[in-house]
file upload.pdb (PDB, C-alpha atoms, pLDDT in the B column)
ATOM      1  CA  MET A   1      -9.632 -21.826   3.618  1.00 61.00           C
ATOM      2  CA  THR A   2      -9.965 -20.978   7.263  1.00 66.00           C
ATOM      3  CA  PRO A   3     -12.908 -19.386   9.064  1.00 68.00           C
ATOM      4  CA  ARG A   4     -12.432 -15.968  10.593  1.00 71.00           C
ATOM      5  CA  ALA A   5     -14.468 -16.469  13.756  1.00 70.00           C
ATOM      6  CA  ALA A   6     -13.673 -12.960  15.022  1.00 80.00           C
ATOM      7  CA  ASP A   7     -14.972 -11.216  11.865  1.00 87.00           C
ATOM      8  CA  PRO A   8     -17.973  -9.119  12.995  1.00 91.00           C
ATOM      9  CA  ASN A   9     -19.087  -8.757   9.360  1.00 91.00           C
ATOM     10  CA  ALA A  10     -19.686 -12.459   8.693  1.00 88.00           C
ATOM     11  CA  GLY A  11     -23.248 -12.823   7.393  1.00 89.00           C
ATOM     12  CA  LYS A  12     -23.686  -9.062   6.822  1.00 92.00           C
ATOM     13  CA  GLY A  13     -23.886  -7.310   3.480  1.00 93.00           C
ATOM     14  CA  PRO A  14     -20.999  -4.881   2.936  1.00 92.00           C
ATOM     15  CA  GLN A  15     -21.928  -1.213   2.731  1.00 92.00           C
ATOM     16  CA  ASP A  16     -20.467   2.204   3.393  1.00 88.00           C
ATOM     17  CA  GLU A  17     -22.497   3.936   6.089  1.00 84.00           C
ATOM     18  CA  HIS A  18     -22.070   7.319   4.351  1.00 82.00           C
ATOM     19  CA  VAL A  19     -23.367   6.382   0.897  1.00 87.00           C
ATOM     20  CA  ARG A  20     -25.537   3.298   1.460  1.00 89.00           C
ATOM     21  CA  GLN A  21     -28.848   3.005  -0.366  1.00 90.00           C
ATOM     22  CA  ASN A  22     -30.320   0.065   1.546  1.00 90.00           C
ATOM     23  CA  PRO A  23     -31.245  -0.307   5.241  1.00 92.00           C
ATOM     24  CA  PRO A  24     -28.254  -0.688   7.578  1.00 93.00           C
ATOM     25  CA  THR A  25     -26.801  -4.188   7.853  1.00 93.00           C
ATOM     26  CA  GLY A  26     -24.570  -3.491  10.849  1.00 93.00           C
ATOM     27  CA  TYR A  27     -21.486  -3.794   8.654  1.00 93.00           C
ATOM     28  CA  GLN A  28     -18.318  -2.302  10.193  1.00 92.00           C
ATOM     29  CA  PRO A  29     -15.326  -0.922   8.262  1.00 90.00           C
ATOM     30  CA  TYR A  30     -12.013  -2.726   8.893  1.00 89.00           C
ATOM     31  CA  TYR A  31     -10.344   0.541   9.885  1.00 90.00           C
ATOM     32  CA  TYR A  32     -10.902   3.509  12.160  1.00 92.00           C
ATOM     33  CA  TYR A  33      -9.337   6.884  12.856  1.00 94.00           C
ATOM     34  CA  VAL A  34      -7.875   7.643  16.279  1.00 95.00           C
ATOM     35  CA  GLY A  35     -10.069  10.226  17.982  1.00 94.00           C
ATOM     36  CA  GLY A  36     -12.441  10.125  14.998  1.00 90.00           C
ATOM     37  CA  VAL A  37     -10.175  12.551  13.105  1.00 94.00           C
ATOM     38  CA  PRO A  38      -9.580  11.362   9.512  1.00 92.00           C
ATOM     39  CA  SER A  39      -5.900  11.696   8.635  1.00 95.00           C
ATOM     40  CA  ARG A  40      -3.086   9.455   7.469  1.00 94.00           C
ATOM     41  CA  ASP A  41      -1.459   9.574  10.911  1.00 96.00           C
ATOM     42  CA  ASN A  42      -4.689   8.539  12.669  1.00 95.00           C
ATOM     43  CA  PHE A  43      -5.528   5.586  10.389  1.00 94.00           C
ATOM     44  CA  ARG A  44      -5.630   2.229  12.238  1.00 93.00           C
ATOM     45  CA  LEU A  45      -6.802  -1.334  11.567  1.00 91.00           C
ATOM     46  CA  HIS A  46      -9.133  -3.053  13.999  1.00 91.00           C
ATOM     47  CA  ASP A  47      -7.466  -6.056  15.659  1.00 89.00           C
ATOM     48  CA  TRP A  48     -10.162  -8.345  14.249  1.00 86.00           C
ATOM     49  CA  SER A  49      -9.217  -7.378  10.675  1.00 84.00           C
ATOM     50  CA  LYS A  50      -5.543  -8.278  10.905  1.00 77.00           C
ATOM     51  CA  ASP A  51      -5.982 -11.922   9.793  1.00 72.00           C
ATOM     52  CA  HIS A  52      -7.839 -10.855   6.641  1.00 72.00           C
ATOM     53  CA  ALA A  53      -7.090 -13.130   3.692  1.00 67.00           C
ATOM     54  CA  HIS A  54      -6.428 -11.627   0.267  1.00 65.00           C
ATOM     55  CA  ASN A  55      -9.084 -13.846  -1.336  1.00 65.00           C
ATOM     56  CA  HIS A  56     -12.104 -14.707   0.763  1.00 69.00           C
ATOM     57  CA  LEU A  57     -15.801 -15.539   0.893  1.00 77.00           C
ATOM     58  CA  GLY A  58     -17.981 -12.904   2.549  1.00 81.00           C
ATOM     59  CA  GLY A  59     -17.217 -11.091   5.772  1.00 86.00           C
ATOM     60  CA  THR A  60     -15.118  -7.949   5.806  1.00 88.00           C
ATOM     61  CA  MET A  61     -14.477  -6.453   2.383  1.00 87.00           C
ATOM     62  CA  ARG A  62     -11.291  -4.524   1.598  1.00 84.00           C
ATOM     63  CA  PRO A  63     -11.877  -2.807  -1.725  1.00 83.00           C
ATOM     64  CA  CYS A  64      -9.362  -0.418  -3.285  1.00 79.00           C
ATOM     65  CA  GLN A  65     -11.936   2.354  -3.547  1.00 83.00           C
ATOM     66  CA  ALA A  66     -15.535   2.640  -2.327  1.00 84.00           C
ATOM     67  CA  VAL A  67     -17.334  -0.286  -0.657  1.00 89.00           C
ATOM     68  CA  PRO A  68     -19.880  -1.626  -3.145  1.00 90.00           C
ATOM     69  CA  GLU A  69     -23.198  -2.570  -1.543  1.00 93.00           C
ATOM     70  CA  MET A  70     -23.589  -6.330  -1.876  1.00 93.00           C
ATOM     71  CA  SER A  71     -25.268  -9.272  -0.192  1.00 94.00           C
ATOM     72  CA  PRO A  72     -23.329 -11.355   2.347  1.00 92.00           C
ATOM     73  CA  PHE A  73     -22.839 -13.961  -0.409  1.00 92.00           C
ATOM     74  CA  TYR A  74     -19.891 -12.453  -2.258  1.00 89.00           C
ATOM     75  CA  ILE A  75     -16.334 -13.461  -2.984  1.00 88.00           C
ATOM     76  CA  GLU A  76     -13.443 -11.011  -3.159  1.00 85.00           C
ATOM     77  CA  PHE A  77     -10.375 -11.499  -5.342  1.00 81.00           C
ATOM     78  CA  GLU A  78      -7.309  -9.369  -4.867  1.00 76.00           C
ATOM     79  CA  GLU A  79      -4.524  -9.121  -7.410  1.00 72.00           C
ATOM     80  CA  TYR A  80      -2.824 -12.123  -5.830  1.00 66.00           C
ATOM     81  CA  PHE A  81      -5.501 -14.559  -7.081  1.00 66.00           C
ATOM     82  CA  GLY A  82      -3.896 -17.311  -9.123  1.00 67.00           C
ATOM     83  CA  GLY A  83      -1.293 -15.048 -10.687  1.00 65.00           C
ATOM     84  CA  TYR A  84      -3.889 -12.940 -12.515  1.00 65.00           C
ATOM     85  CA  ASN A  85      -3.190  -9.226 -12.634  1.00 64.00           C
ATOM     86  CA  PHE A  86      -6.109  -6.983 -11.684  1.00 60.00           C
ATOM     87  CA  GLY A  87      -3.980  -3.914 -12.355  1.00 68.00           C
ATOM     88  CA  GLY A  88      -3.198  -3.370  -8.693  1.00 71.00           C
ATOM     89  CA  GLY A  89      -6.846  -3.664  -7.765  1.00 77.00           C
ATOM     90  CA  ASN A  90      -9.402  -6.194  -6.692  1.00 81.00           C
ATOM     91  CA  ALA A  91     -12.801  -7.522  -7.636  1.00 85.00           C
ATOM     92  CA  GLN A  92     -15.959  -8.574  -5.844  1.00 89.00           C
ATOM     93  CA  LEU A  93     -18.623 -10.909  -7.205  1.00 91.00           C
ATOM     94  CA  ASP A  94     -21.998 -11.159  -5.444  1.00 94.00           C
ATOM     95  CA  PHE A  95     -23.510 -14.577  -6.131  1.00 93.00           C
ATOM     96  CA  LYS A  96     -26.972 -13.768  -4.745  1.00 94.00           C
ATOM     97  CA  GLU A  97     -27.517 -10.470  -6.582  1.00 93.00           C
ATOM     98  CA  MET A  98     -25.250 -11.359  -9.540  1.00 94.00           C
ATOM     99  CA  LYS A  99     -23.356  -8.070  -9.229  1.00 93.00           C
ATOM    100  CA  PHE A 100     -19.703  -7.473 -10.060  1.00 92.00           C
ATOM    101  CA  ASP A 101     -17.422  -4.638  -8.963  1.00 90.00           C
ATOM    102  CA  TRP A 102     -13.791  -3.991  -9.750  1.00 86.00           C
ATOM    103  CA  ALA A 103     -11.519  -1.123  -8.783  1.00 80.00           C
ATOM    104  CA  CYS A 104      -7.838  -0.499  -9.219  1.00 78.00           C
ATOM    105  CA  GLY A 105      -5.516   0.688  -6.489  1.00 64.00           C
TER
END

call {"tool": "encode", "arguments": {"input": "upload.pdb", "output": "structure tokens"}}
result
Amino acid sequence: MTPRAADPNAGKGPQDEHVRQNPPTGYQPYYYYVGGVPSRDNFRLHDWSKDHAHNHLGGTMRPCQAVPEMSPFYIEFEEYFGGYNFGGGNAQLDFKEMKFDWACG
């Protein structure tokens, strides 16, 4: 494991600003759209998200579908974890809240 010192989401609970149910945590998505116009051609990754590991503890989440609201104390497993097949998807397990989310890609 290696720390991602440039990850602005370290210590913040993941949430989607458009559908969150809890107070804002300051969590930032790993992507943005050029000019704020959502389209495939305008999709970009922030520079700080480029060293994202497939399996990681906390920080920036990269789910296949919606961002599940969790505490900062989660672990994310992508389909590359130990040879297990998540059906092209990934899973998140929140240790503090004991919540689990899985989505396929």

call {"tool": "residues_around", "arguments": {"input": "upload.pdb", "residues": "Gly59 in chain A", "least_positions_apart": "6", "cutoff": "9 Å", "atoms": "all atoms listed in the file", "output": "number ranges by chain"}}
result
A: 4, 7-14, 27, 72-74

call {"tool": "residues_around", "arguments": {"input": "upload.pdb", "residues": "Cys104 in chain A", "least_positions_apart": "2", "cutoff": "9 Å", "atoms": "all atoms listed in the file", "output": "PyMOL selection string"}}
result
chain A and resi 63-65+86-91+102

call {"tool": "write_last_selection", "arguments": {"input": "upload.pdb", "atoms": "C-alpha atoms", "output": "mmCIF file, in the frame of the given file"}}
result
data_model
loop_
_atom_site.group_PDB
_atom_site.id
_atom_site.type_symbol
_atom_site.label_atom_id
_atom_site.label_comp_id
_atom_site.auth_asym_id
_atom_site.auth_seq_id
_atom_site.Cartn_x
_atom_site.Cartn_y
_atom_site.Cartn_z
ATOM 1 C CA PRO A 63 -11.877 -2.807 -1.725
ATOM 2 C CA CYS A 64 -9.362 -0.418 -3.285
ATOM 3 C CA GLN A 65 -11.936 2.354 -3.547
ATOM 4 C CA PHE A 86 -6.109 -6.983 -11.684
ATOM 5 C CA GLY A 87 -3.980 -3.914 -12.355
ATOM 6 C CA GLY A 88 -3.198 -3.370 -8.693
ATOM 7 C CA GLY A 89 -6.846 -3.664 -7.765
ATOM 8 C CA ASN A 90 -9.402 -6.194 -6.692
ATOM 9 C CA ALA A 91 -12.801 -7.522 -7.636
ATOM 10 C CA TRP A 102 -13.791 -3.991 -9.750
#

call {"tool": "resolve_selection", "arguments": {"input": "upload.pdb", "expression": "the PyMOL selection byres ((chain A and resi 38-54) around 9)", "output": "list in words"}}
result
Arg4, Ala6, Asp7, Pro8, Pro29, Tyr30, Tyr31, Tyr32, Tyr33, Val34, Gly35, Gly36, Val37, Asn55, His56, Thr60, Arg62, Glu76, Phe77, Glu78, Glu79, Tyr80 and Phe81 of chain A

call {"tool": "resolve_selection", "arguments": {"input": "upload.pdb", "expression": "the PyMOL selection byres ((chain A and resi 19) around 10)", "output": "PDB file with C-alpha atoms, in the coordinates of the input"}}
result
ATOM      1  CA  GLN A  15     -21.928  -1.213   2.731  1.00 92.00           C
ATOM      2  CA  ASP A  16     -20.467   2.204   3.393  1.00 88.00           C
ATOM      3  CA  GLU A  17     -22.497   3.936   6.089  1.00 84.00           C
ATOM      4  CA  HIS A  18     -22.070   7.319   4.351  1.00 82.00           C
ATOM      5  CA  ARG A  20     -25.537   3.298   1.460  1.00 89.00           C
ATOM      6  CA  GLN A  21     -28.848   3.005  -0.366  1.00 90.00           C
ATOM      7  CA  ASN A  22     -30.320   0.065   1.546  1.00 90.00           C
ATOM      8  CA  ALA A  66     -15.535   2.640  -2.327  1.00 84.00           C
ATOM      9  CA  VAL A  67     -17.334  -0.286  -0.657  1.00 89.00           C
ATOM     10  CA  PRO A  68     -19.880  -1.626  -3.145  1.00 90.00           C
ATOM     11  CA  GLU A  69     -23.198  -2.570  -1.543  1.00 93.00           C
TER      12      GLU A  69
END

call {"tool": "atom_distance", "arguments": {"input": "upload.pdb", "atom1": "CA of Ala103 in chain A", "atom2": "CA of Ala5 in chain A"}}
result
27.4 Å

call {"tool": "atom_distance", "arguments": {"input": "upload.pdb", "atom1": "CA of Lys99 in chain A", "atom2": "CA of Gly58 in chain A"}}
result
13.8 Å

call {"tool": "build_atoms", "arguments": {"input": "upload.pdb", "residues": "range 6-25 of chain A", "atoms": "N, CA and C atoms", "output": "mmCIF file, keeping the file's coordinate frame"}}
result
data_model
loop_
_atom_site.group_PDB
_atom_site.id
_atom_site.type_symbol
_atom_site.label_atom_id
_atom_site.label_comp_id
_atom_site.auth_asym_id
_atom_site.auth_seq_id
_atom_site.Cartn_x
_atom_site.Cartn_y
_atom_site.Cartn_z
ATOM 1 N N ALA A 6 -13.595 -14.277 14.386
ATOM 2 C CA ALA A 6 -13.673 -12.960 15.022
ATOM 3 C C ALA A 6 -14.168 -11.870 14.071
ATOM 4 N N ASP A 7 -14.526 -12.218 12.841
ATOM 5 C CA ASP A 7 -14.972 -11.216 11.865
ATOM 6 C C ASP A 7 -16.412 -10.800 12.178
ATOM 7 N N PRO A 8 -16.621 -9.563 12.644
ATOM 8 C CA PRO A 8 -17.973 -9.119 12.995
ATOM 9 C C PRO A 8 -18.871 -8.913 11.773
ATOM 10 N N ASN A 9 -18.305 -8.985 10.575
ATOM 11 C CA ASN A 9 -19.087 -8.757 9.360
ATOM 12 C C ASN A 9 -19.553 -10.044 8.686
ATOM 13 N N ALA A 10 -19.231 -11.184 9.262
ATOM 14 C CA ALA A 10 -19.686 -12.459 8.693
ATOM 15 C C ALA A 10 -21.221 -12.473 8.681
ATOM 16 N N GLY A 11 -21.791 -12.764 7.529
ATOM 17 C CA GLY A 11 -23.248 -12.823 7.393
ATOM 18 C C GLY A 11 -23.916 -11.479 7.180
ATOM 19 N N LYS A 12 -23.129 -10.402 7.037
ATOM 20 C CA LYS A 12 -23.686 -9.062 6.822
ATOM 21 C C LYS A 12 -23.286 -8.564 5.438
ATOM 22 N N GLY A 13 -24.196 -7.890 4.779
ATOM 23 C CA GLY A 13 -23.886 -7.310 3.480
ATOM 24 C C GLY A 13 -22.990 -6.098 3.628
ATOM 25 N N PRO A 14 -21.888 -6.034 2.858
ATOM 26 C CA PRO A 14 -20.999 -4.881 2.936
ATOM 27 C C PRO A 14 -21.687 -3.597 2.463
ATOM 28 N N GLN A 15 -21.417 -2.524 3.143
ATOM 29 C CA GLN A 15 -21.928 -1.213 2.731
ATOM 30 C C GLN A 15 -21.154 -0.123 3.446
ATOM 31 N N ASP A 16 -21.101 1.024 2.818
ATOM 32 C CA ASP A 16 -20.467 2.204 3.393
ATOM 33 C C ASP A 16 -21.571 3.011 4.058
ATOM 34 N N GLU A 17 -21.438 3.255 5.346
ATOM 35 C CA GLU A 17 -22.497 3.936 6.089
ATOM 36 C C GLU A 17 -22.808 5.338 5.544
ATOM 37 N N HIS A 18 -21.869 5.958 4.834
ATOM 38 C CA HIS A 18 -22.070 7.319 4.351
ATOM 39 C C HIS A 18 -22.785 7.407 3.005
ATOM 40 N N VAL A 19 -22.751 6.328 2.228
ATOM 41 C CA VAL A 19 -23.367 6.382 0.897
ATOM 42 C C VAL A 19 -24.305 5.204 0.629
ATOM 43 N N ARG A 20 -24.684 4.466 1.663
ATOM 44 C CA ARG A 20 -25.537 3.298 1.460
ATOM 45 C C ARG A 20 -26.910 3.699 0.940
ATOM 46 N N GLN A 21 -27.518 2.781 0.181
ATOM 47 C CA GLN A 21 -28.848 3.005 -0.366
ATOM 48 C C GLN A 21 -29.880 2.089 0.274
ATOM 49 N N ASN A 22 -29.428 1.038 0.915
ATOM 50 C CA ASN A 22 -30.320 0.065 1.546
ATOM 51 C C ASN A 22 -30.305 0.235 3.057
ATOM 52 N N PRO A 23 -31.250 -0.391 3.774
ATOM 53 C CA PRO A 23 -31.245 -0.307 5.241
ATOM 54 C C PRO A 23 -29.927 -0.812 5.820
ATOM 55 N N PRO A 24 -29.525 -0.282 6.973
ATOM 56 C CA PRO A 24 -28.254 -0.688 7.578
ATOM 57 C C PRO A 24 -28.187 -2.193 7.834
ATOM 58 N N THR A 25 -27.014 -2.761 7.611
ATOM 59 C CA THR A 25 -26.801 -4.188 7.853
ATOM 60 C C THR A 25 -25.977 -4.425 9.117
#
